[in-house]
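Let me begin by presenting the structure, written as structure tokens, before commenting on it.
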Amino acid sequence: MPLRRVRLILTLLSLLLLCHQTTDAQTPGVRFTDISQQAGITFKHVASPEKKYIVESMSGGVALFDYDNDGYLDIYFVNSLTVDLVKSNQKTKSFLYHNNGDGTFTDVAVQAGVSDIGWGMGVAVADYDNDGFDDLYVTCLGKNRLFKNNGNGTFKDVTDKAGVGDPRWSTGAAFVDFDRDGKLDLFVSNYVNFDVNHLPEFGSGRTCQFKGISVQCGPRGLAGAGDSLYRNNGDGTFTDVSKKAGVSDPDGYYGLGIICSDFDGDGWVDIFVANDSTPNFLYHNNGDGTFKDIGFAAGVAVNENGSEQGSMGVTMGDYDHDGKLDLFVTNFADEYNTLYHADGPNSFTDLSFKAQVAAVSLSYVGWGTKFFDYDNDGWVDLYVANGHVYPQLENYRQRSLVHRNNRDGTFTEVAAELGAPLLEKRVGRGVAFGDIDNDGDIDMVINDLDGAPQVLRNDGGNANNSVLIKLIGVKSNRNGVGARVKVVAADLTQIDEVRSGASYLSQSDFRLHFGLAMQSKISLIEIRWPGGLVDKVTDVSVNRMLTIKEGQGIVEQKEFKKTPGTR
């Protein structure tokens, strides 16, 4: 063959290779699209423009849960009040949006009986009576609300009968089976003592100034409110065991976000409380109905400098695939968000700067957060909603942060690559995560102050494979709260837990999502139920929504509803 022809063939091959590489590089990646308007979401969170009082800056929980068991996630937005509205005896409305399954939602809060809650803060979801329908618990300034799901599209306020109407300023909440009896108990964090009839004076005193500017007072300088733990009696009522259990917080720290997990693998679930401007709690479950705060000993009470931080939101995930769940906490401006790496049972190290999630967060005030795999590559990424508490500042409105997992123990902040909605300057608070369209990738719903919420649809994340796992407990609580799930696909091994609460005063989908990259088969799903049983399911197809029942294995599976052009 003539040398010139050989050179021509080689040139053509090089061009073809270059075109192939260019095409790959330009393949559209993941984008988050704000579908709120087209989906029919008209909710707006009520807030005072001036925020003269701290209680007007802290609300904004949101829940993603399937209240009618039709297979689609519905949305509950918690609304608040203002001091002026309270004094004039006016009400606001929280919204419950039914997912119509076609990309639209319909508000049914009034018909469902969950619209009038008072001064709402946050929300947690669980089937506390194990009847097959998820119930709502809403935290408030004033009496909290427990709404029992009647199973017919309506709810009943059973707060008084149940005995869980903590009258203080409650913020975070999480259902947790701390005594392993198969019935979900309830932990509630409280913030500060606040009386709308005896208001702190705006801008007065050292604790009502920020960088020389007069602002709302608190939380420093205000008395803390203590926390609550309610034991489920199994008859529709609860007993307050806070003091007996050792979790009442007699010193009055400023409790916000809550996450529950078995931190040391002893089979008993522990409770972590993110405290604002005071050390965080890690309540170790002693297995006898009592807890002991080991936050300092475990390395999660303060940051690596020994400083307490203004902690708000919290999430857990195994970001480095070492088989241990790490802890991430969002904090106030100038304090950096904290990534506590799990080194072993009840042992953590602050690796925030090493992991490259700290420096970028210093100018932001962080709230709702979650480890979640937005691109289904099998490595959890990290989202943080931001927004200041002082509207008197120029940087009151702030954009989101999205940290892509580099798979080497570090993250890169990539919000600018994921669509304009993530760069909008807003006042983010609660965030819930879940697959709202059942297409195999995780979407986000963000409740903001001073504006409409964002329903952010994940477009492109399902180019990789994934699986959604819903658990149904039998001996354990029906939601499987506290169950730890391991998914193995070839050389990819991941773990996660079913949780109530977390993020910032919000509730994400109970179904566990695992990105699987391009793995075509799941070799093992292992579930360690809170009741002690271990279930193993093998040889499972990908791109499925699986329902696994305790002791029975897979009882239902459906394929994702992927749009054309995705695998």
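Letters A, B, ... mark the chains of the structure tokens in the order given; residue numbers begin at 1 per chain; ligand numbers begin at 1, in order shown.
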
Discussion item. At a cut-off of 9 Å, using only C-alpha atoms, what residues contact Asp179 (chain A)? Leave out same-chain residues fewer than 4 positions from it and give the result as a PyMOL selection string.
Written reply: chain A and resi 183-185+231+268-269+285+287-289

Please produce, as a tab-separated table, a per-residue contact table for region 458-479 of chain A versus region 532-551 of chain A (criterion: any atom at most 9 Å away, only C-alpha atoms considered), showing the nearest atom pair and its distance in Å to one decimal, sorted by chain then residue number.
residue	atom	partner	partner_atom	distance
A:Asn462	CA	A:Asn543	CA	8.9
A:Asn465	CA	A:Asn543	CA	5.7
A:Ser466	CA	A:Asn543	CA	5.2
A:Val467	CA	A:Asn543	CA	5.2
A:Leu468	CA	A:Met545	CA	4.7
A:Ile469	CA	A:Leu546	CA	4.9
A:Lys470	CA	A:Thr547	CA	4.7
A:Leu471	CA	A:Ile548	CA	5.0
A:Ile472	CA	A:Lys549	CA	4.6
A:Gly473	CA	A:Glu550	CA	5.1
A:Val474	CA	A:Glu550	CA	5.7
A:Lys475	CA	A:Glu550	CA	7.5
A:Ser476	CA	A:Glu550	CA	7.8

Restrict the selected residues to N, CA and C atoms and save them as a PDB file, in the first residue's frame.
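Written output follows (selection39.pdb):
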ATOM      1  N   ASN A 462     -30.300  10.310  34.850  1.00  0.00           N
ATOM      2  CA  ASN A 462     -30.610   8.902  34.597  1.00  0.00           C
ATOM      3  C   ASN A 462     -29.967   8.357  33.328  1.00  0.00           C
ATOM      4  N   ASN A 465     -27.339   4.190  35.250  1.00  0.00           N
ATOM      5  CA  ASN A 465     -28.335   3.306  35.855  1.00  0.00           C
ATOM      6  C   ASN A 465     -28.490   3.596  37.347  1.00  0.00           C
ATOM      7  N   SER A 466     -29.577   3.097  37.919  1.00  0.00           N
ATOM      8  CA  SER A 466     -29.833   3.305  39.341  1.00  0.00           C
ATOM      9  C   SER A 466     -30.895   2.330  39.823  1.00  0.00           C
ATOM     10  N   VAL A 467     -31.181   2.394  41.113  1.00  0.00           N
ATOM     11  CA  VAL A 467     -32.256   1.603  41.710  1.00  0.00           C
ATOM     12  C   VAL A 467     -32.852   2.396  42.860  1.00  0.00           C
ATOM     13  N   LEU A 468     -34.179   2.296  43.026  1.00  0.00           N
ATOM     14  CA  LEU A 468     -34.891   2.876  44.164  1.00  0.00           C
ATOM     15  C   LEU A 468     -35.435   1.735  45.004  1.00  0.00           C
ATOM     16  N   ILE A 469     -35.213   1.796  46.310  1.00  0.00           N
ATOM     17  CA  ILE A 469     -35.625   0.702  47.191  1.00  0.00           C
ATOM     18  C   ILE A 469     -36.556   1.223  48.270  1.00  0.00           C
ATOM     19  N   LYS A 470     -37.774   0.708  48.277  1.00  0.00           N
ATOM     20  CA  LYS A 470     -38.742   1.003  49.324  1.00  0.00           C
ATOM     21  C   LYS A 470     -38.824  -0.190  50.258  1.00  0.00           C
ATOM     22  N   LEU A 471     -38.750   0.055  51.547  1.00  0.00           N
ATOM     23  CA  LEU A 471     -38.807  -1.018  52.536  1.00  0.00           C
ATOM     24  C   LEU A 471     -40.161  -1.024  53.252  1.00  0.00           C
ATOM     25  N   ILE A 472     -40.642  -2.221  53.540  1.00  0.00           N
ATOM     26  CA  ILE A 472     -41.844  -2.384  54.354  1.00  0.00           C
ATOM     27  C   ILE A 472     -41.487  -3.301  55.520  1.00  0.00           C
ATOM     28  N   GLY A 473     -41.518  -2.730  56.711  1.00  0.00           N
ATOM     29  CA  GLY A 473     -41.217  -3.524  57.892  1.00  0.00           C
ATOM     30  C   GLY A 473     -42.400  -4.356  58.349  1.00  0.00           C
ATOM     31  N   VAL A 474     -42.117  -5.476  58.991  1.00  0.00           N
ATOM     32  CA  VAL A 474     -43.146  -6.346  59.562  1.00  0.00           C
ATOM     33  C   VAL A 474     -42.958  -6.387  61.083  1.00  0.00           C
ATOM     34  N   LYS A 475     -41.873  -7.008  61.509  1.00  0.00           N
ATOM     35  CA  LYS A 475     -41.510  -6.931  62.932  1.00  0.00           C
ATOM     36  C   LYS A 475     -40.984  -5.540  63.254  1.00  0.00           C
ATOM     37  N   SER A 476     -40.190  -4.980  62.339  1.00  0.00           N
ATOM     38  CA  SER A 476     -39.700  -3.611  62.487  1.00  0.00           C
ATOM     39  C   SER A 476     -40.822  -2.633  62.140  1.00  0.00           C
TER      40      SER A 476
END

Q.
Using Å and a single decimal, report how far CA of Ser115 (chain A) sits from CA of Thr154 (chain A).
A.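 We find that CA of Thr154 (chain A) and CA of Ser115 (chain A) lie 11.3 Å from each other.
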
Exercise for review: Please identify all polymer residues within 10 Å of Tyr53 (chain A), counting only C-alpha atoms, omitting same-chain residues fewer than 5 positions from it, and present them as number ranges by chain.
Suggested key: A: 48, 58, 82-83, 194, 196, 199-203, 208, 215-218, 389-390

With only C-alpha atoms as the counted atoms, please give the residues lying no more than 8 Å from Gln454 (chain A), apart from itself and same-chain residues fewer than 4 positions off, as a ChimeraX atom specification. /A:34-36,444-448

Give me the residues near Val487 (chain A) as a count of residues only, where near means some atom within 12 Å (using only C-alpha atoms) and where sequence neighbours in that chain fewer than 2 positions away do not count.
38

- Task: Enumerate as JSON, numbers by chain all residues of region 394-527 of chain A assigned to strand (DSSP E) by DSSP on the backbone, naming them with the chain letters and numbers the document uses.
- Result: {"A": [401, 402, 403, 404, 405, 411, 412, 413, 427, 428, 429, 430, 431, 432, 433, 434, 443, 444, 445, 446, 447, 448, 449, 454, 455, 456, 457, 458, 459, 465, 466, 467, 468, 469, 470, 471, 472, 484, 485, 486, 487, 488, 489, 492, 493, 494, 495, 496, 497, 512, 513, 514, 515, 516, 517, 521, 522, 523, 524, 525, 526, 527]}

>> Applying 6 Å and only C-alpha atoms, which residues near region 134-142 of chain A remain after dropping the ones on its own chain fewer than 4 positions away? List them as a PyMOL selection string.
In response: chain A and resi 67+119-127+146-149+167-171

Exercise for the section: Using CA of Phe65 (chain A) and CA of Lys44 (chain A) as the two end points, give the distance in Å to one decimal. Expected result: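 Between CA of Phe65 (chain A) and CA of Lys44 (chain A) the gap is 19.8 Å.
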
Gly60 (chain A) environment, 10 Å, only C-alpha atoms, sequence neighbours closer than 5 positions dropped, as a PyMOL selection string: chain A and resi 45-47+77-80+120-123+171+367-368+427-431+446-449+453+504-506

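Candidate residues A:Ser347, A:Thr33, A:Asn69, A:Thr278 were compared for distance to Asp264 (chain A), and the nearest is A:Ser347, using only C-alpha atoms.
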
Students should find that CA of Asp459 (chain A) and CA of Gly440 (chain A) are spaced 10.3 Å

Nearest to Gly317 (chain A), restricted to only C-alpha atoms and choosing among A:Lys244, A:Arg499, A:Lys211, A:His284, comes out as A:Arg499

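Ranking A:Asn275, A:Gly480, A:Phe238, A:Thr207 by their shortest atom-to-atom distance to Gly224 (chain A), with only C-alpha atoms included, puts A:Asn275 first.
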
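Nearest to Ser57 (chain A) of all the residues A:Trp379, A:Phe433, A:Phe105, A:Tyr396 is A:Tyr396, counting only C-alpha atoms.
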
Counting only C-alpha atoms, the residue among A:Lys558, A:Arg397, A:His198, A:Lys370 that lies closest to Val314 (chain A) is A:Lys370
